[in-house]
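Structure data (compact mmCIF, C-alpha atoms) from my_file-v4.txt:
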```txt
# COMPACT_ATOMS: atom_id res chain seq x y z
CA LYS A 1 -47.75 -43.23 -111.93
CA GLU A 2 -44.09 -43.50 -110.89
CA LYS A 3 -42.64 -46.98 -111.11
CA THR A 4 -41.84 -48.59 -107.76
CA VAL A 5 -38.29 -49.88 -107.44
CA THR A 6 -37.32 -52.37 -104.75
CA VAL A 7 -33.73 -51.62 -103.80
CA LYS A 8 -31.42 -54.52 -102.96
CA GLY A 9 -27.81 -55.67 -103.21
CA GLU A 10 -26.47 -53.55 -100.36
CA ASP A 11 -24.74 -56.52 -98.71
CA GLU A 12 -22.75 -57.22 -101.89
CA LEU A 13 -21.01 -53.85 -102.04
CA VAL A 14 -17.24 -53.80 -101.60
CA GLU A 15 -14.99 -50.84 -100.81
CA GLY A 16 -13.73 -48.97 -103.85
CA ASP A 17 -11.70 -45.91 -104.81
CA GLY A 18 -13.11 -42.49 -105.50
CA ARG A 19 -13.11 -38.80 -104.64
CA PHE A 20 -15.56 -39.28 -101.78
CA HIS A 21 -14.45 -40.49 -98.35
CA GLU A 22 -16.61 -43.61 -98.59
CA THR A 23 -17.03 -45.39 -101.93
CA TRP A 24 -18.65 -48.79 -102.27
CA VAL A 25 -19.10 -50.68 -105.54
CA HIS A 26 -20.97 -53.81 -106.59
CA PRO A 27 -18.52 -56.45 -107.90
CA GLU A 28 -20.50 -56.76 -111.15
CA ALA A 29 -21.17 -53.05 -111.67
CA ASP A 30 -20.76 -51.86 -115.26
CA LEU A 31 -21.80 -48.27 -115.93
CA SER A 32 -21.34 -48.71 -119.67
CA ARG A 33 -24.73 -50.50 -119.63
CA TYR A 34 -26.53 -47.24 -118.85
CA THR A 35 -27.43 -44.44 -121.21
CA ALA A 36 -29.57 -42.30 -118.90
CA ILE A 37 -29.86 -41.30 -115.27
CA TYR A 38 -32.97 -40.70 -113.23
CA SER A 39 -32.81 -38.49 -110.14
CA TRP A 40 -34.95 -39.95 -107.36
CA GLN A 41 -36.42 -37.42 -104.93
CA PRO A 42 -33.78 -36.93 -102.20
CA VAL A 43 -34.43 -37.72 -98.54
CA PHE A 44 -33.65 -35.14 -95.85
CA GLN A 45 -33.19 -35.90 -92.15
CA PHE A 46 -32.49 -33.14 -89.64
CA ARG A 47 -30.93 -33.76 -86.24
CA ASP A 48 -33.25 -33.20 -83.30
CA VAL A 49 -31.36 -30.77 -81.08
CA GLY A 50 -34.28 -29.95 -78.84
CA GLU A 51 -35.75 -26.53 -78.35
CA THR A 52 -33.50 -23.49 -78.56
CA ARG A 53 -34.41 -19.95 -77.69
CA SER A 54 -35.93 -17.80 -80.43
CA THR A 55 -33.44 -15.06 -79.59
CA VAL A 56 -29.92 -15.10 -78.21
CA SER A 57 -27.72 -12.27 -77.02
CA HIS A 58 -24.42 -11.55 -78.69
CA SER A 59 -22.60 -11.87 -75.34
CA ASP A 60 -24.07 -15.35 -74.75
CA LEU A 61 -23.07 -16.39 -78.24
CA MET A 62 -19.50 -15.11 -77.94
CA SER A 63 -18.99 -16.53 -74.44
CA GLY A 64 -20.21 -19.96 -75.47
CA ARG A 65 -23.16 -19.97 -73.11
CA GLN A 66 -25.40 -20.49 -76.15
CA ARG A 67 -23.79 -22.88 -78.61
CA GLY A 68 -24.99 -24.60 -81.76
CA PRO A 69 -26.21 -26.65 -83.33
CA PHE A 70 -29.42 -24.66 -83.34
CA THR A 71 -32.99 -25.66 -84.14
CA ILE A 72 -33.87 -25.40 -87.84
CA SER A 73 -37.30 -23.94 -88.48
CA ASP A 74 -39.80 -25.70 -90.74
CA GLU A 75 -39.44 -22.88 -93.26
CA SER A 76 -35.66 -23.23 -93.33
CA ARG A 77 -35.90 -27.01 -93.66
CA GLU A 78 -38.20 -26.66 -96.63
CA ALA A 79 -35.91 -24.07 -98.22
CA PHE A 80 -32.86 -26.31 -97.68
CA ALA A 81 -34.58 -29.30 -99.29
CA THR A 82 -35.75 -27.22 -102.26
CA ILE A 83 -32.34 -25.66 -102.90
CA VAL A 84 -30.48 -28.97 -102.68
CA SER A 85 -33.01 -30.87 -104.82
CA GLU A 86 -32.90 -28.22 -107.55
CA ALA A 87 -29.10 -28.18 -107.54
CA LEU A 88 -28.94 -31.96 -107.88
CA THR A 89 -31.45 -32.04 -110.75
CA ASP A 90 -29.71 -29.17 -112.55
CA GLN A 91 -26.21 -30.60 -112.31
CA LEU A 92 -27.15 -34.16 -113.29
CA ALA A 93 -28.88 -32.76 -116.37
CA ARG A 94 -25.48 -31.36 -117.48
CA SER A 95 -23.94 -34.80 -117.81
CA ARG A 96 -22.02 -35.42 -121.03
CA GLN A 97 -22.26 -39.20 -120.72
CA PHE A 98 -25.88 -39.72 -119.68
CA GLU A 99 -29.21 -38.44 -120.88
CA THR A 100 -31.86 -37.46 -118.34
CA ALA A 101 -34.68 -39.98 -117.90
CA ASP A 102 -38.21 -39.00 -116.89
CA ALA A 103 -38.83 -42.37 -115.25
CA PRO A 104 -36.98 -45.60 -114.33
CA GLY A 105 -36.64 -48.11 -117.16
CA PRO A 106 -34.18 -50.17 -119.24
CA GLY A 107 -30.73 -48.64 -119.48
CA VAL A 108 -31.49 -46.18 -116.70
CA LEU A 109 -29.33 -45.63 -113.63
CA ILE A 110 -31.22 -44.23 -110.65
CA VAL A 111 -29.44 -41.69 -108.46
CA ARG A 112 -30.96 -41.79 -104.99
CA GLY A 113 -29.69 -39.09 -102.65
CA ALA A 114 -30.05 -38.79 -98.89
CA PHE A 115 -28.90 -35.89 -96.71
CA LEU A 116 -28.69 -37.06 -93.12
CA ASP A 117 -28.02 -35.67 -89.65
CA ILE A 118 -28.27 -32.10 -90.94
CA VAL A 119 -27.32 -29.54 -88.32
CA SER A 120 -27.29 -25.74 -88.33
CA ASN A 121 -24.67 -23.42 -86.86
CA VAL A 122 -26.82 -20.39 -87.68
CA PRO A 123 -28.01 -18.83 -84.42
CA PRO A 124 -31.59 -17.64 -84.04
CA ARG A 125 -32.34 -13.92 -84.04
CA ILE A 126 -29.60 -12.11 -82.18
CA THR A 127 -30.44 -9.25 -79.85
CA GLY A 128 -28.39 -6.11 -80.33
CA THR A 129 -26.74 -4.64 -83.40
CA VAL A 130 -23.54 -6.69 -83.61
CA ASP A 131 -23.13 -8.79 -86.77
CA VAL A 132 -22.31 -12.50 -86.64
CA HIS A 133 -19.89 -14.02 -89.15
CA LEU A 134 -19.77 -17.78 -89.75
CA ALA A 135 -17.19 -20.14 -91.21
CA ASN A 136 -19.95 -22.53 -92.21
CA VAL A 137 -23.71 -22.69 -91.81
CA GLY A 138 -23.78 -26.29 -90.63
CA GLU A 139 -22.92 -29.89 -91.48
CA ALA A 140 -24.60 -32.80 -93.24
CA THR A 141 -23.85 -36.37 -94.23
CA PHE A 142 -24.76 -37.16 -97.82
CA VAL A 143 -25.26 -40.63 -99.28
CA PHE A 144 -25.79 -41.32 -102.98
CA ASP A 145 -26.89 -44.74 -104.20
CA LEU A 146 -26.60 -45.64 -107.89
CA ILE A 147 -29.29 -48.20 -108.59
CA ASP A 148 -30.07 -50.34 -111.63
CA ALA A 149 -33.62 -49.32 -112.54
CA GLU A 150 -34.69 -52.77 -113.77
CA SER A 151 -33.25 -55.04 -111.07
CA GLY A 152 -33.16 -52.57 -108.18
CA VAL A 153 -29.60 -53.67 -107.35
CA ILE A 154 -27.32 -50.96 -105.97
CA GLN A 155 -24.36 -50.56 -108.32
CA ALA A 156 -22.40 -48.15 -106.14
CA ARG A 157 -22.68 -45.94 -103.09
CA VAL A 158 -20.72 -42.86 -102.07
CA ALA A 159 -20.96 -41.03 -98.77
CA GLU A 160 -19.23 -38.30 -96.80
CA ARG A 161 -19.86 -35.79 -94.05
CA ARG A 162 -19.04 -32.19 -94.91
CA HIS A 163 -19.39 -28.67 -93.65
CA ILE A 164 -22.08 -26.73 -95.50
CA GLN A 165 -20.03 -23.92 -97.01
CA PRO A 166 -18.80 -22.80 -100.44
CA PRO A 167 -15.71 -24.89 -101.32
CA SER A 168 -13.78 -21.72 -102.19
CA ARG A 169 -13.98 -20.53 -98.58
CA MET A 170 -12.92 -23.77 -96.87
CA ASN A 171 -13.42 -22.95 -93.18
CA ARG A 172 -12.55 -19.29 -93.55
CA VAL A 173 -15.02 -16.99 -91.86
CA ASN A 174 -17.47 -15.32 -94.22
CA THR A 175 -16.75 -11.60 -94.50
CA GLN A 176 -20.48 -11.00 -94.94
CA PRO A 177 -22.65 -11.02 -91.79
CA ALA A 178 -24.97 -14.00 -91.57
CA ASN A 179 -28.57 -13.46 -92.63
CA ALA A 180 -31.23 -15.45 -94.47
CA ALA A 181 -29.86 -14.44 -97.88
CA THR A 182 -26.21 -15.30 -97.17
CA VAL A 183 -27.13 -18.61 -95.54
CA ARG A 184 -29.27 -19.74 -98.47
CA ASN A 185 -26.60 -18.61 -100.92
CA ASP A 186 -24.01 -20.70 -99.07
CA VAL A 187 -26.34 -23.72 -99.19
CA ARG A 188 -26.93 -23.17 -102.91
CA ILE A 189 -23.23 -22.97 -103.75
CA TRP A 190 -22.42 -25.97 -101.55
CA ALA A 191 -25.18 -28.09 -103.06
CA SER A 192 -24.29 -27.14 -106.64
CA SER A 193 -20.63 -27.93 -106.04
CA LEU A 194 -21.45 -31.29 -104.48
CA ALA A 195 -23.87 -32.23 -107.27
CA SER A 196 -21.33 -31.14 -109.88
CA GLU A 197 -18.69 -33.32 -108.24
CA LEU A 198 -21.06 -36.30 -108.30
CA ARG A 199 -21.90 -35.67 -111.98
CA ARG A 200 -18.22 -35.49 -112.96
CA GLU A 201 -17.50 -38.73 -111.11
CA LEU A 202 -20.40 -40.45 -112.88
CA ASP A 203 -19.18 -39.25 -116.27
CA ARG A 204 -15.62 -40.31 -115.50
CA ALA A 205 -16.72 -43.74 -114.30
CA ARG A 206 -18.74 -44.36 -117.46
CA ARG A 207 -15.84 -43.34 -119.70
CA ARG A 208 -13.56 -45.74 -117.86
CA ALA A 209 -16.16 -48.51 -118.15
CA GLU A 210 -16.28 -48.11 -121.92
```

Represent the structure contained in this file as structure tokens.
Amino acid sequence: KEKTVTVKGEDELVEGDGRFHETWVHPEADLSRYTAIYSWQPVFQFRDVGETRSTVSHSDLMSGRQRGPFTISDESREAFATIVSEALTDQLARSRQFETADAPGPGVLIVRGAFLDIVSNVPPRITGTVDVHLANVGEATFVFDLIDAESGVIQARVAERRHIQPPSRMNRVNTQPANAATVRNDVRIWASSLASELRRELDRARRRAE
């Protein structure tokens, strides 16, 4: 049975420096005390945009009469959560400063992720034969809490809102037409890049602490 951890210490966090737009650190945080990290199951929250039509014409889309964000189907929500969770687990396991823990315990730092206000710019099925090209497939706010597994006190928190797109493209329109495969590939690359960035920051912070 998974150990229950009561999270606390949020009110003690103070603003810090880091690669992410929002970085908050506990005044007594010391990452050198931890030898392993445990990835808590991430939380996903999708924005309720109401009902959108199951099909949209290309003319409506181009004229702006049918704008995003668009409703995300249950299947797409499940796929998004699976892709992001797998990317986070995979990248954290590549840490050079921390081992991977199977459960919370002494010397373990919990990484608790949340992906909030997720929106999709991917239109529903488009009538006609014209392809649609997207700069990004949507947006999401991510929040990562680093929690001491024994005390439950948050050691640090980072957060930022970003477009869901491969970093190498950076707002440039995808030359490939949007379809289920390209959208999920964009999510996979985005999630892997974000998780890799978090892992590098964790490793760097622990080296500095030592």

Practice task
Rank nothing, just name the residue among A:Asp30, A:Asp117, A:Glu22, A:Asp17 nearest to Phe46 in chain A, using only C-alpha atoms.
Solution key: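 Answer, going by the shortest atom-to-atom distance: A:Asp117.
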
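The nearest approach to Glu210 in chain A among the residues A:Trp40, A:Trp190, A:Phe142, A:Tyr34, with only C-alpha atoms taken into account, belongs to A:Tyr34.
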
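Interatomic distance, CA of Pro42 in chain A to CA of Arg157 in chain A: 14.3 Å.
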
Problem - Local residues around (-18.8, -29.3, -102.9), at most 12 Å away, using all atoms listed in the file, as an NGL selection string - result: :A and (19-20 or 84 or 87-88 or 140 or 142 or 160-170 or 186-200)

Output C-alpha atoms for every residue in the selection just made, as an mmCIF file, in the frame of the given file.
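Saved the output as part.cif:
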```
data_model
loop_
_atom_site.group_PDB
_atom_site.id
_atom_site.type_symbol
_atom_site.label_atom_id
_atom_site.label_comp_id
_atom_site.auth_asym_id
_atom_site.auth_seq_id
_atom_site.Cartn_x
_atom_site.Cartn_y
_atom_site.Cartn_z
ATOM 1 C CA ARG A 19 -13.110 -38.800 -104.640
ATOM 2 C CA PHE A 20 -15.560 -39.280 -101.780
ATOM 3 C CA VAL A 84 -30.480 -28.970 -102.680
ATOM 4 C CA ALA A 87 -29.100 -28.180 -107.540
ATOM 5 C CA LEU A 88 -28.940 -31.960 -107.880
ATOM 6 C CA ALA A 140 -24.600 -32.800 -93.240
ATOM 7 C CA PHE A 142 -24.760 -37.160 -97.820
ATOM 8 C CA GLU A 160 -19.230 -38.300 -96.800
ATOM 9 C CA ARG A 161 -19.860 -35.790 -94.050
ATOM 10 C CA ARG A 162 -19.040 -32.190 -94.910
ATOM 11 C CA HIS A 163 -19.390 -28.670 -93.650
ATOM 12 C CA ILE A 164 -22.080 -26.730 -95.500
ATOM 13 C CA GLN A 165 -20.030 -23.920 -97.010
ATOM 14 C CA PRO A 166 -18.800 -22.800 -100.440
ATOM 15 C CA PRO A 167 -15.710 -24.890 -101.320
ATOM 16 C CA SER A 168 -13.780 -21.720 -102.190
ATOM 17 C CA ARG A 169 -13.980 -20.530 -98.580
ATOM 18 C CA MET A 170 -12.920 -23.770 -96.870
ATOM 19 C CA ASP A 186 -24.010 -20.700 -99.070
ATOM 20 C CA VAL A 187 -26.340 -23.720 -99.190
ATOM 21 C CA ARG A 188 -26.930 -23.170 -102.910
ATOM 22 C CA ILE A 189 -23.230 -22.970 -103.750
ATOM 23 C CA TRP A 190 -22.420 -25.970 -101.550
ATOM 24 C CA ALA A 191 -25.180 -28.090 -103.060
ATOM 25 C CA SER A 192 -24.290 -27.140 -106.640
ATOM 26 C CA SER A 193 -20.630 -27.930 -106.040
ATOM 27 C CA LEU A 194 -21.450 -31.290 -104.480
ATOM 28 C CA ALA A 195 -23.870 -32.230 -107.270
ATOM 29 C CA SER A 196 -21.330 -31.140 -109.880
ATOM 30 C CA GLU A 197 -18.690 -33.320 -108.240
ATOM 31 C CA LEU A 198 -21.060 -36.300 -108.300
ATOM 32 C CA ARG A 199 -21.900 -35.670 -111.980
ATOM 33 C CA ARG A 200 -18.220 -35.490 -112.960
#
```

Practice task
Write out as a list in words the residues lying within 9 Å of Val153 in chain A, counting all atoms listed in the file and excluding same-chain residues fewer than 6 positions away.
Solution key: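 My list of contacting residues is Thr6, Val7, Lys8, Gly9, Glu10, His26, Leu146 and Ile147 of chain A.
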
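Counting from CA of Arg94 in chain A, the distance to CA of Val158 in chain A is 19.8 Å.
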
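Proximity of A:Gly138, A:Ile154, A:Val111, A:Arg204 to Glu12 in chain A, computed with all atoms listed in the file, is greatest for A:Ile154.
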
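In this comparison, which uses all atoms listed in the file, the residue of A:Ala135, A:Ile37, A:Val14, A:Val119 approaching Val49 in chain A most closely is A:Val119.
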
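Ranking A:Ile110, A:Gln41, A:Ser76, A:Arg96 by their shortest atom-to-atom distance to Ala181 in chain A, with all atoms listed in the file included, puts A:Ser76 first.
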
Spatial neighbours of Ala205 in chain A, max dist 10 Å, only C-alpha atoms, sep filter under 2 positions, as a PDB file with C-alpha atoms, keeping the file's coordinate frame:
```pdb
ATOM      1  CA  GLY A  18     -13.110 -42.490-105.500  1.00  0.00           C
ATOM      2  CA  ASP A  30     -20.760 -51.860-115.260  1.00  0.00           C
ATOM      3  CA  LEU A  31     -21.800 -48.270-115.930  1.00  0.00           C
ATOM      4  CA  SER A  32     -21.340 -48.710-119.670  1.00  0.00           C
ATOM      5  CA  GLN A  97     -22.260 -39.200-120.720  1.00  0.00           C
ATOM      6  CA  ARG A 199     -21.900 -35.670-111.980  1.00  0.00           C
ATOM      7  CA  ARG A 200     -18.220 -35.490-112.960  1.00  0.00           C
ATOM      8  CA  GLU A 201     -17.500 -38.730-111.110  1.00  0.00           C
ATOM      9  CA  LEU A 202     -20.400 -40.450-112.880  1.00  0.00           C
ATOM     10  CA  ASP A 203     -19.180 -39.250-116.270  1.00  0.00           C
ATOM     11  CA  ARG A 207     -15.840 -43.340-119.700  1.00  0.00           C
ATOM     12  CA  ARG A 208     -13.560 -45.740-117.860  1.00  0.00           C
ATOM     13  CA  ALA A 209     -16.160 -48.510-118.150  1.00  0.00           C
ATOM     14  CA  GLU A 210     -16.280 -48.110-121.920  1.00  0.00           C
TER      15      GLU A 210
END
```

Practice task
Figure out the distance between CA of Phe80 in chain A and CA of Gly50 in chain A, please, to one decimal in Å.
Solution key: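 Calculated distance between CA of Gly50 in chain A and CA of Phe80 in chain A is 19.2 Å.
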
Exercise for the section: Go through A:Ser39, A:Leu116, A:Leu109, A:Val137 and flag the residue nearest Glu86 in chain A, using only C-alpha atoms for the distances. Expected result: A:Ser39

The centre and edge lengths of an axis-aligned box containing all atoms of range 192-202 of chain A present in the file, extended by 3 Å on each side, are to be given in Å to one decimal, as AutoDock Vina command-line options.
```
--center_x -20.9 --center_y -33.8 --center_z -108.7 --size_x 12.8 --size_y 19.3 --size_z 14.5
```

Kindly add N, CA, C and O atoms to the incomplete range 36-52 of chain A and provide the output as a PDB file, keeping the file's coordinate frame.
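Dumped everything to selection_17.pdb:
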```pdb
ATOM      1  N   ALA A  36     -28.828 -43.420-119.504  1.00  0.00           N
ATOM      2  CA  ALA A  36     -29.570 -42.300-118.900  1.00  0.00           C
ATOM      3  C   ALA A  36     -29.559 -42.430-117.384  1.00  0.00           C
ATOM      4  O   ALA A  36     -29.382 -43.527-116.834  1.00  0.00           O
ATOM      5  N   ILE A  37     -29.761 -41.304-116.722  1.00  0.00           N
ATOM      6  CA  ILE A  37     -29.860 -41.300-115.270  1.00  0.00           C
ATOM      7  C   ILE A  37     -31.188 -40.670-114.859  1.00  0.00           C
ATOM      8  O   ILE A  37     -31.709 -39.771-115.520  1.00  0.00           O
ATOM      9  N   TYR A  38     -31.706 -41.198-113.779  1.00  0.00           N
ATOM     10  CA  TYR A  38     -32.970 -40.700-113.230  1.00  0.00           C
ATOM     11  C   TYR A  38     -32.724 -40.272-111.794  1.00  0.00           C
ATOM     12  O   TYR A  38     -32.247 -41.054-110.969  1.00  0.00           O
ATOM     13  N   SER A  39     -33.028 -39.010-111.485  1.00  0.00           N
ATOM     14  CA  SER A  39     -32.810 -38.490-110.140  1.00  0.00           C
ATOM     15  C   SER A  39     -34.039 -38.747-109.280  1.00  0.00           C
ATOM     16  O   SER A  39     -35.100 -38.161-109.496  1.00  0.00           O
ATOM     17  N   TRP A  40     -33.887 -39.647-108.307  1.00  0.00           N
ATOM     18  CA  TRP A  40     -34.950 -39.950-107.360  1.00  0.00           C
ATOM     19  C   TRP A  40     -35.048 -38.802-106.364  1.00  0.00           C
ATOM     20  O   TRP A  40     -34.042 -38.191-106.013  1.00  0.00           O
ATOM     21  N   GLN A  41     -36.234 -38.511-105.891  1.00  0.00           N
ATOM     22  CA  GLN A  41     -36.420 -37.420-104.930  1.00  0.00           C
ATOM     23  C   GLN A  41     -35.558 -37.661-103.696  1.00  0.00           C
ATOM     24  O   GLN A  41     -35.668 -38.704-103.044  1.00  0.00           O
ATOM     25  N   PRO A  42     -34.665 -36.720-103.352  1.00  0.00           N
ATOM     26  CA  PRO A  42     -33.780 -36.930-102.200  1.00  0.00           C
ATOM     27  C   PRO A  42     -34.551 -36.994-100.879  1.00  0.00           C
ATOM     28  O   PRO A  42     -35.657 -36.475-100.746  1.00  0.00           O
ATOM     29  N   VAL A  43     -33.900 -37.624 -99.905  1.00  0.00           N
ATOM     30  CA  VAL A  43     -34.430 -37.720 -98.540  1.00  0.00           C
ATOM     31  C   VAL A  43     -33.628 -36.767 -97.662  1.00  0.00           C
ATOM     32  O   VAL A  43     -32.404 -36.660 -97.799  1.00  0.00           O
ATOM     33  N   PHE A  44     -34.315 -36.084 -96.748  1.00  0.00           N
ATOM     34  CA  PHE A  44     -33.650 -35.140 -95.850  1.00  0.00           C
ATOM     35  C   PHE A  44     -34.007 -35.493 -94.403  1.00  0.00           C
ATOM     36  O   PHE A  44     -35.171 -35.680 -94.078  1.00  0.00           O
ATOM     37  N   GLN A  45     -32.984 -35.582 -93.563  1.00  0.00           N
ATOM     38  CA  GLN A  45     -33.190 -35.900 -92.150  1.00  0.00           C
ATOM     39  C   GLN A  45     -32.388 -34.917 -91.307  1.00  0.00           C
ATOM     40  O   GLN A  45     -31.167 -34.806 -91.449  1.00  0.00           O
ATOM     41  N   PHE A  46     -33.103 -34.172 -90.462  1.00  0.00           N
ATOM     42  CA  PHE A  46     -32.490 -33.140 -89.640  1.00  0.00           C
ATOM     43  C   PHE A  46     -32.318 -33.632 -88.210  1.00  0.00           C
ATOM     44  O   PHE A  46     -33.225 -34.263 -87.652  1.00  0.00           O
ATOM     45  N   ARG A  47     -31.184 -33.325 -87.613  1.00  0.00           N
ATOM     46  CA  ARG A  47     -30.930 -33.760 -86.240  1.00  0.00           C
ATOM     47  C   ARG A  47     -31.867 -33.034 -85.282  1.00  0.00           C
ATOM     48  O   ARG A  47     -32.094 -31.827 -85.394  1.00  0.00           O
ATOM     49  N   ASP A  48     -32.409 -33.781 -84.337  1.00  0.00           N
ATOM     50  CA  ASP A  48     -33.250 -33.200 -83.300  1.00  0.00           C
ATOM     51  C   ASP A  48     -32.336 -32.679 -82.197  1.00  0.00           C
ATOM     52  O   ASP A  48     -31.734 -33.452 -81.454  1.00  0.00           O
ATOM     53  N   VAL A  49     -32.236 -31.363 -82.094  1.00  0.00           N
ATOM     54  CA  VAL A  49     -31.360 -30.770 -81.080  1.00  0.00           C
ATOM     55  C   VAL A  49     -32.148 -30.197 -79.912  1.00  0.00           C
ATOM     56  O   VAL A  49     -31.592 -29.519 -79.041  1.00  0.00           O
ATOM     57  N   GLY A  50     -33.450 -30.485 -79.899  1.00  0.00           N
ATOM     58  CA  GLY A  50     -34.280 -29.950 -78.840  1.00  0.00           C
ATOM     59  C   GLY A  50     -34.639 -28.501 -79.100  1.00  0.00           C
ATOM     60  O   GLY A  50     -34.286 -27.919 -80.125  1.00  0.00           O
ATOM     61  N   GLU A  51     -35.326 -27.923 -78.184  1.00  0.00           N
ATOM     62  CA  GLU A  51     -35.750 -26.530 -78.350  1.00  0.00           C
ATOM     63  C   GLU A  51     -34.601 -25.579 -78.022  1.00  0.00           C
ATOM     64  O   GLU A  51     -33.870 -25.784 -77.053  1.00  0.00           O
ATOM     65  N   THR A  52     -34.432 -24.570 -78.858  1.00  0.00           N
ATOM     66  CA  THR A  52     -33.500 -23.490 -78.560  1.00  0.00           C
ATOM     67  C   THR A  52     -34.266 -22.183 -78.522  1.00  0.00           C
ATOM     68  O   THR A  52     -35.332 -22.066 -79.113  1.00  0.00           O
TER      69      THR A  52
END
```
